[in-house]
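target.csv follows; it contains CSV, C-alpha atoms.
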```
chain,number,residue,atom,x,y,z
A,1,MET,CA,-2.3,-20.2,-18.9
A,2,GLU,CA,0.7,-22.3,-17.9
A,3,ASP,CA,2.4,-21.7,-14.5
A,4,LYS,CA,5.8,-21.1,-16.3
A,5,GLU,CA,4.2,-18.4,-18.6
A,6,ILE,CA,2.6,-16.7,-15.5
A,7,TYR,CA,5.9,-16.7,-13.7
A,8,GLU,CA,7.8,-15.2,-16.7
A,9,LYS,CA,5.3,-12.4,-17.1
A,10,VAL,CA,5.3,-11.6,-13.4
A,11,LYS,CA,9.1,-11.6,-13.4
A,12,GLU,CA,9.1,-9.2,-16.3
A,13,ALA,CA,6.7,-6.9,-14.5
A,14,ILE,CA,8.9,-6.9,-11.4
A,15,ILE,CA,12.0,-6.3,-13.5
A,16,GLU,CA,10.4,-3.3,-15.2
A,17,ALA,CA,8.9,-1.8,-12.0
A,18,LEU,CA,12.1,-2.2,-9.9
A,19,GLY,CA,14.7,-1.8,-12.5
A,20,VAL,CA,16.6,-4.9,-11.3
A,21,GLU,CA,18.5,-7.4,-13.4
A,22,SER,CA,16.9,-10.7,-14.6
A,23,GLU,CA,19.5,-12.8,-12.8
A,24,GLU,CA,18.5,-11.2,-9.5
A,25,VAL,CA,14.9,-12.3,-9.7
A,26,GLU,CA,14.1,-15.8,-8.4
A,27,PRO,CA,10.7,-17.2,-7.3
A,28,ASN,CA,11.7,-16.9,-3.6
A,29,SER,CA,13.3,-13.4,-3.9
A,30,VAL,CA,11.8,-11.2,-1.2
A,31,LEU,CA,10.7,-8.0,-2.9
A,32,PHE,CA,11.6,-5.6,0.0
A,33,ASP,CA,14.7,-7.3,1.3
A,34,ASP,CA,16.2,-8.9,-1.8
A,35,LEU,CA,15.1,-6.6,-4.6
A,36,GLY,CA,14.9,-3.3,-2.8
A,37,ALA,CA,11.2,-2.6,-3.3
A,38,GLU,CA,9.3,0.2,-1.5
A,39,SER,CA,5.5,0.5,-0.9
A,40,LEU,CA,5.0,2.6,-4.1
A,41,ASP,CA,6.7,-0.2,-6.1
A,42,LEU,CA,4.1,-2.7,-5.0
A,43,LEU,CA,1.4,-0.4,-6.5
A,44,ASP,CA,3.5,-0.2,-9.7
A,45,ILE,CA,3.7,-4.0,-9.9
A,46,VAL,CA,0.0,-4.4,-9.2
A,47,PHE,CA,-0.9,-2.0,-12.0
A,48,ARG,CA,1.5,-3.8,-14.4
A,49,LEU,CA,0.0,-7.2,-13.5
A,50,GLU,CA,-3.5,-6.0,-13.9
A,51,LYS,CA,-2.7,-4.7,-17.4
A,52,THR,CA,-0.7,-7.8,-18.5
A,53,PHE,CA,-3.2,-10.4,-17.3
A,54,ASP,CA,-6.4,-8.3,-17.6
A,55,ILE,CA,-7.3,-8.9,-14.0
A,56,LYS,CA,-8.2,-6.8,-10.9
A,57,ILE,CA,-6.1,-7.3,-7.8
A,58,PRO,CA,-7.9,-6.1,-4.6
A,59,ARG,CA,-6.1,-3.3,-2.9
A,60,GLY,CA,-8.1,-2.9,0.3
A,61,GLY,CA,-9.0,-5.4,3.0
A,62,ILE,CA,-6.7,-8.1,1.7
A,63,GLN,CA,-6.5,-9.6,5.2
A,64,GLN,CA,-10.2,-10.5,5.0
A,65,ASP,CA,-9.4,-12.5,1.9
A,66,MET,CA,-6.3,-14.0,3.4
A,67,LEU,CA,-7.4,-14.7,6.9
A,68,VAL,CA,-11.1,-14.4,7.3
A,69,ALA,CA,-12.5,-17.4,5.7
A,70,GLU,CA,-14.3,-20.6,6.7
A,71,GLY,CA,-16.5,-18.7,9.1
A,72,ILE,CA,-13.6,-17.2,11.1
A,73,LYS,CA,-14.2,-13.7,12.5
A,74,GLU,CA,-11.7,-10.9,12.0
A,75,GLU,CA,-11.2,-10.5,15.7
A,76,ASP,CA,-10.1,-14.2,15.9
A,77,VAL,CA,-7.2,-13.6,13.6
A,78,VAL,CA,-6.2,-9.9,14.1
A,79,VAL,CA,-6.2,-7.9,17.3
A,80,ASP,CA,-5.2,-4.2,17.1
A,81,GLY,CA,-3.3,-4.7,13.9
A,82,ALA,CA,-1.4,-7.8,15.0
A,83,LEU,CA,-1.9,-11.5,14.2
A,84,THR,CA,-3.3,-13.8,16.8
A,85,ALA,CA,-1.9,-17.4,17.0
A,86,LEU,CA,-4.8,-18.5,14.8
A,87,GLY,CA,-4.1,-15.6,12.4
A,88,ALA,CA,-0.5,-16.6,12.1
A,89,GLU,CA,-1.5,-20.2,11.4
A,90,LYS,CA,-3.9,-19.1,8.7
A,91,LEU,CA,-1.4,-16.8,7.1
A,92,ARG,CA,1.3,-19.5,7.1
A,93,GLU,CA,-1.2,-21.7,5.2
A,94,ARG,CA,-2.1,-18.9,2.8
A,95,MET,CA,1.4,-17.8,2.2
A,96,SER,CA,3.1,-21.1,2.0
A,97,GLU,CA,5.8,-19.6,-0.2
A,98,VAL,CA,7.1,-17.5,2.7
A,99,ASP,CA,9.6,-18.7,5.3
A,100,LYS,CA,7.2,-19.9,8.1
A,101,GLU,CA,9.4,-18.6,10.9
A,102,LYS,CA,8.7,-15.0,9.7
A,103,ILE,CA,5.0,-15.3,10.4
A,104,HIS,CA,4.3,-15.5,14.1
A,105,GLU,CA,1.7,-14.3,16.7
A,106,GLY,CA,2.0,-10.5,17.1
A,107,PHE,CA,3.3,-10.0,13.5
A,108,ARG,CA,1.9,-6.7,12.3
A,109,ILE,CA,-0.7,-6.9,9.5
A,110,ASP,CA,0.8,-3.9,7.8
A,111,ASP,CA,4.2,-5.6,7.6
A,112,ILE,CA,2.8,-8.4,5.4
A,113,PRO,CA,4.0,-6.7,2.2
A,114,THR,CA,7.6,-7.1,3.6
A,115,LEU,CA,7.1,-10.8,3.2
A,116,PHE,CA,6.0,-10.8,-0.4
A,117,THR,CA,8.1,-12.8,-2.7
A,118,VAL,CA,8.0,-13.1,-6.5
A,119,GLN,CA,6.1,-16.3,-6.0
A,120,THR,CA,3.5,-14.4,-3.9
A,121,PHE,CA,2.6,-12.3,-6.9
A,122,VAL,CA,2.5,-15.5,-9.1
A,123,ASN,CA,0.0,-17.0,-6.7
A,124,ILE,CA,-2.1,-13.8,-6.6
A,125,VAL,CA,-2.2,-13.7,-10.4
A,126,LYS,CA,-3.1,-17.4,-10.5
A,127,TYR,CA,-5.9,-16.9,-8.0
A,128,GLN,CA,-7.3,-13.9,-9.8
A,129,LEU,CA,-7.2,-15.8,-13.2
A,130,GLU,CA,-9.0,-18.8,-11.7
A,131,ASN,CA,-11.6,-16.6,-10.1
A,132,LYS,CA,-12.0,-14.1,-13.0
B,1,MET,CA,-0.7,11.3,20.4
B,2,THR,CA,1.0,9.3,17.7
B,3,VAL,CA,3.2,10.4,14.8
B,4,GLY,CA,3.9,9.3,11.2
B,5,THR,CA,6.3,10.6,8.7
B,6,ASP,CA,7.2,9.7,5.1
B,7,ILE,CA,9.6,10.8,2.3
B,8,THR,CA,8.6,10.3,-1.3
B,9,GLU,CA,10.8,10.7,-4.4
B,10,VAL,CA,9.2,13.1,-6.9
B,11,ALA,CA,10.7,11.3,-9.9
B,12,ARG,CA,9.0,8.0,-8.7
B,13,ILE,CA,5.6,9.7,-8.6
B,14,LYS,CA,6.3,11.2,-12.0
B,15,LYS,CA,7.1,7.8,-13.4
B,16,MET,CA,3.9,6.3,-11.9
B,17,VAL,CA,1.8,9.2,-13.4
B,18,GLN,CA,3.4,8.6,-16.8
B,19,THR,CA,3.3,4.8,-16.8
B,20,HIS,CA,-0.1,4.2,-15.2
B,21,PRO,CA,-3.0,6.5,-16.1
B,22,GLN,CA,-5.1,5.0,-13.3
B,23,PHE,CA,-2.5,5.9,-10.6
B,24,ILE,CA,-3.9,9.4,-10.0
B,25,SER,CA,-7.5,8.4,-9.8
B,26,THR,CA,-6.7,5.3,-7.6
B,27,VAL,CA,-4.7,7.2,-5.1
B,28,PHE,CA,-5.9,10.8,-5.0
B,29,THR,CA,-9.3,12.4,-4.4
B,30,GLU,CA,-10.9,14.8,-6.9
B,31,LYS,CA,-10.0,17.8,-4.7
B,32,GLU,CA,-6.4,16.7,-4.5
B,33,ILE,CA,-6.2,16.1,-8.3
B,34,ALA,CA,-7.7,19.5,-9.0
B,35,TYR,CA,-5.3,21.2,-6.6
B,36,CYS,CA,-2.2,19.4,-7.9
B,37,GLN,CA,-3.1,19.7,-11.6
B,38,GLY,CA,-3.4,23.5,-11.1
B,39,LYS,CA,0.2,23.8,-9.9
B,40,ARG,CA,3.3,24.3,-12.1
B,41,ASN,CA,5.2,21.5,-10.4
B,42,LYS,CA,2.3,19.1,-10.1
B,43,CYS,CA,4.3,16.0,-9.3
B,44,GLN,CA,5.9,17.7,-6.3
B,45,HIS,CA,2.4,18.3,-5.0
B,46,PHE,CA,1.2,14.8,-5.8
B,47,ALA,CA,4.3,13.4,-4.0
B,48,ALA,CA,3.7,15.6,-0.9
B,49,ARG,CA,0.1,14.3,-0.7
B,50,PHE,CA,1.2,10.7,-1.3
B,51,ALA,CA,3.7,11.2,1.6
B,52,ALA,CA,0.8,12.6,3.7
B,53,LYS,CA,-1.3,9.4,3.0
B,54,GLU,CA,1.6,7.2,4.0
B,55,SER,CA,2.2,9.3,7.2
B,56,VAL,CA,-1.4,9.1,8.2
B,57,MET,CA,-1.4,5.3,7.9
B,58,LYS,CA,1.8,5.2,10.0
B,59,ALA,CA,0.3,7.5,12.6
B,60,VAL,CA,-2.9,5.4,13.0
B,61,GLY,CA,-1.0,2.2,12.8
B,62,ARG,CA,-3.2,0.8,10.1
B,63,GLY,CA,-2.7,0.7,6.3
B,64,TRP,CA,-4.1,-0.4,3.0
B,65,LEU,CA,-3.9,-4.0,4.0
B,66,GLN,CA,-6.5,-3.3,6.6
B,67,GLY,CA,-9.0,-1.7,4.3
B,68,ILE,CA,-7.9,1.9,4.4
B,69,GLN,CA,-8.2,3.2,0.8
B,70,TRP,CA,-5.7,5.8,-0.4
B,71,THR,CA,-8.7,8.1,-1.1
B,72,ASP,CA,-9.9,7.8,2.5
B,73,ILE,CA,-7.0,10.2,3.3
B,74,GLU,CA,-7.4,13.6,1.7
B,75,THR,CA,-5.2,16.6,2.1
B,76,VAL,CA,-7.2,19.8,1.6
B,77,THR,CA,-5.7,23.3,1.5
B,78,LEU,CA,-7.3,25.9,3.8
B,79,PRO,CA,-7.7,29.5,2.5
B,80,THR,CA,-4.6,30.4,4.6
B,81,GLY,CA,-2.6,27.9,2.5
B,82,GLU,CA,-2.3,25.5,5.5
B,83,PRO,CA,-2.8,21.8,4.6
B,84,LYS,CA,-5.4,19.8,6.5
B,85,ILE,CA,-6.3,16.1,6.6
B,86,GLU,CA,-9.9,15.2,5.9
B,87,ALA,CA,-10.8,11.6,6.7
B,88,HIS,CA,-13.3,9.4,4.8
B,89,GLY,CA,-14.5,5.8,4.7
B,90,THR,CA,-12.6,3.2,6.7
B,91,LEU,CA,-10.2,5.8,8.1
B,92,LYS,CA,-13.1,7.5,9.9
B,93,LYS,CA,-14.1,4.2,11.5
B,94,VAL,CA,-10.5,3.6,12.6
B,95,MET,CA,-10.2,7.1,14.1
B,96,LYS,CA,-13.3,6.4,16.1
B,97,GLU,CA,-12.0,3.1,17.4
B,98,LYS,CA,-8.6,4.6,18.4
B,99,GLY,CA,-10.1,7.8,19.8
B,100,ILE,CA,-8.3,10.0,17.2
B,101,ARG,CA,-10.0,13.4,17.0
B,102,SER,CA,-8.0,15.0,14.2
B,103,PHE,CA,-4.6,15.1,12.4
B,104,ALA,CA,-2.0,17.9,12.4
B,105,VAL,CA,0.0,17.8,9.1
B,106,SER,CA,3.1,19.5,7.7
B,107,LEU,CA,4.2,19.1,4.1
B,108,SER,CA,7.4,20.1,2.4
B,109,HIS,CA,8.8,19.5,-1.1
B,110,CYS,CA,11.6,20.3,-3.4
B,111,LYS,CA,12.6,19.1,-6.9
B,112,GLU,CA,13.7,15.7,-5.7
B,113,TYR,CA,11.7,14.9,-2.6
B,114,ALA,CA,8.5,15.5,-0.8
B,115,LEU,CA,8.1,15.0,3.0
B,116,ALA,CA,5.1,14.8,5.3
B,117,THR,CA,4.8,14.6,9.0
B,118,VAL,CA,1.4,13.8,10.6
B,119,ILE,CA,0.4,13.8,14.3
B,120,ALA,CA,-2.7,12.0,15.2
B,121,MET,CA,-4.4,13.9,18.0
B,122,GLN,CA,-6.3,11.7,20.4
B,123,GLU,CA,-9.2,12.7,22.6
```

Write out the structure in this file as structure tokens.
Amino acid sequence: MEDKEIYEKVKEAIIEALGVESEEVEPNSVLFDDLGAESLDLLDIVFRLEKTFDIKIPRGGIQQDMLVAEGIKEEDVVVDGALTALGAEKLRERMSEVDKEKIHEGFRIDDIPTLFTVQTFVNIVKYQLENK
Amino acid sequence: MTVGTDITEVARIKKMVQTHPQFISTVFTEKEIAYCQGKRNKCQHFAARFAAKESVMKAVGRGWLQGIQWTDIETVTLPTGEPKIEAHGTLKKVMKEKGIRSFAVSLSHCKEYALATVIAMQE
């Protein structure tokens, strides 16, 4: 599937879930800050994307996928729910679509959804389609 | 002792239930589903239990990104009618790590909103 087609379908899912206007949604729109999403909306978007693309998006332990790779242990990247310097570096690499200044040592893992942009979901879908 | 609180829109839960058939089984346990389905205003009860799950995650300082599943947090109703949080799976592990013995929970709901407040009681 072409990137443009994935983006258009992700955009449509976000518009339907959040009830926002098409003009408001850009690849770098931040779901929470720019589009007014709440945590339940993320679940709504995930369900819509799973149906649209016939994929399964993992809901638990995402940080393991995002940070604990290449033989790195969880305690090297996350301590008491916050990113270590290495964890911040890994997350910046993994979420290259996000403003790098927002990801720093001490950033709470549970605040990661506040960073999600439209492009984040495009990347998640692309990853799941490639690894289906 | 740490505290977590959450407010959930009942209409939002109703929309999720109607739009996504898998929402209920993904988020709620069998006991929670049986309890809520038996109520006249089922979405108010689902919303209160959803708020309780969010509140527990806030009280423990961990959430679904760190492996806690929605169904790890279960609100059961005691014979007295009092709600109680039962922990399962990863939540149990997190409680042990943080020295959390149990949770105190209070739920409230009306047509529009459901509220939950949870206190994590440490040893």

Test item: which residues lie within 12 Å of (3.3, -17.5, -17.4) counting only C-alpha atoms, as a PyMOL selection string = chain A and resi 1-13+49+52-53+119+121-123+125-126+129

Determine, for each residue of chain B having at least one atom at most 12 Å from an atom of chain A, the closest pair of atoms and their separation in Å to one decimal, counting all atoms listed in the file; order by chain and ascending number, as a tab-separated table.
```
residue	atom	partner	partner_atom	distance
B:Asp6	CA	A:Ser39	CA	11.1
B:Ile7	CA	A:Glu38	CA	11.3
B:Thr8	CA	A:Leu40	CA	8.9
B:Glu9	CA	A:Leu40	CA	10.0
B:Val10	CA	A:Leu40	CA	11.7
B:Ala11	CA	A:Leu40	CA	11.9
B:Arg12	CA	A:Leu40	CA	8.1
B:Ile13	CA	A:Leu40	CA	8.4
B:Lys14	CA	A:Leu40	CA	11.7
B:Lys15	CA	A:Asp44	CA	9.5
B:Met16	CA	A:Asp44	CA	6.9
B:Val17	CA	A:Asp44	CA	10.2
B:Gln18	CA	A:Asp44	CA	11.3
B:Thr19	CA	A:Asp44	CA	8.7
B:His20	CA	A:Phe47	CA	7.0
B:Pro21	CA	A:Phe47	CA	9.7
B:Gln22	CA	A:Phe47	CA	8.3
B:Phe23	CA	A:Phe47	CA	8.2
B:Ile24	CA	A:Leu43	CA	11.7
B:Thr26	CA	A:Arg59	CA	9.8
B:Val27	CA	A:Leu43	CA	9.8
B:Ala47	CA	A:Leu40	CA	10.8
B:Phe50	CA	A:Leu40	CA	9.4
B:Ala51	CA	A:Leu40	CA	10.4
B:Lys53	CA	A:Leu40	CA	11.7
B:Glu54	CA	A:Ser39	CA	9.2
B:Met57	CA	A:Asp110	CA	9.5
B:Lys58	CA	A:Asp110	CA	9.4
B:Val60	CA	A:Gly81	CA	10.1
B:Gly61	CA	A:Gly81	CA	7.4
B:Arg62	CA	A:Asp110	CA	6.6
B:Gly63	CA	A:Asp110	CA	6.0
B:Trp64	CA	A:Gly60	CA	5.4
B:Leu65	CA	A:Gly61	CA	5.4
B:Gln66	CA	A:Gly61	CA	4.9
B:Gly67	CA	A:Gly61	CA	3.9
B:Ile68	CA	A:Gly60	CA	6.3
B:Gln69	CA	A:Gly60	CA	6.1
B:Trp70	CA	A:Gly60	CA	9.1
B:Thr71	CA	A:Gly60	CA	11.1
B:Asp72	CA	A:Gly60	CA	11.1
B:Gly89	CA	A:Gly60	CA	11.7
B:Thr90	CA	A:Gly60	CA	9.9
B:Leu91	CA	A:Gly60	CA	11.9
B:Val94	CA	A:Asp80	CA	10.4
B:Glu97	CA	A:Asp80	CA	10.0
B:Lys98	CA	A:Asp80	CA	9.5
```

Within 9 Å of stretch 107-109 of chain B using all atoms listed in the file, minus same-chain residues under 3 positions, as a PyMOL selection string = chain B and resi 10+44-45+47-49+51-52+83+112-118

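By chain and then residue number, the residues within 10 Å of A:Thr120 are Pro27, Asn28, Ser29, Val30, Leu31, Arg94, Met95, Ser96, Glu97, Val98, Pro113, Leu115, Phe116, Thr117, Asn123, Ile124, Val125 and Lys126 of chain A, counting only C-alpha atoms and disregarding those fewer than 3 positions away in sequence.
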
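Remark: for A:Glu130, the closest of the candidate residues A:Leu18, A:Ile55, A:Leu91, A:Leu86 is A:Ile55 (distances computed over all atoms listed in the file).
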
Who sits within 10 Å of B:Met95, only C-alpha atoms, same chain under 5 positions skipped, as JSON, numbers by chain | {"B": [60, 87, 90, 100, 101, 102, 103, 120, 121, 122]}

Hey, can you spit out that residue selection with C-alpha atoms as a compact mmCIF listing (two decimals), keeping the file's coordinate frame?
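File produced: again-v4.txt:
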```txt
# COMPACT_ATOMS: atom_id res chain seq x y z
CA VAL B 60 -2.90 5.40 13.00
CA ALA B 87 -10.80 11.60 6.70
CA THR B 90 -12.60 3.20 6.70
CA ILE B 100 -8.30 10.00 17.20
CA ARG B 101 -10.00 13.40 17.00
CA SER B 102 -8.00 15.00 14.20
CA PHE B 103 -4.60 15.10 12.40
CA ALA B 120 -2.70 12.00 15.20
CA MET B 121 -4.40 13.90 18.00
CA GLN B 122 -6.30 11.70 20.40
```

Do you have the atom CA of A:Ile57-atom CA of A:Asn131 distance handy?
-> 11.0 Å

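Using only C-alpha atoms, the protein and nucleic acid residues lying at most 12 Å from the point (-9.6, 17.6, -5.3) are B:Ile24, B:Ser25, B:Val27, B:Phe28, B:Thr29, B:Glu30, B:Lys31, B:Glu32, B:Ile33, B:Ala34, B:Tyr35, B:Cys36, B:Gln37, B:Gly38, B:Phe46, B:Arg49, B:Thr71, B:Ile73, B:Glu74, B:Thr75, B:Val76, B:Thr77, B:Glu86.
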
Distance of atom CA of A:Ile45 from atom CA of B:Thr5, expressed in Å to one decimal place = 23.8 Å

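Between B:Arg40 and the residues B:Ala104, B:Met1, B:Lys111, B:Ile85, the shortest atom-to-atom distance, using all atoms listed in the file, involves B:Lys111.
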
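Take atom CA of A:Arg92 and atom CA of A:Gly106: the distance between them is 13.5 Å.
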
A:Ala88, A:Leu35, A:Val20, A:Ile72 ranked by distance to A:His104, top pick (using only C-alpha atoms) = A:Ala88
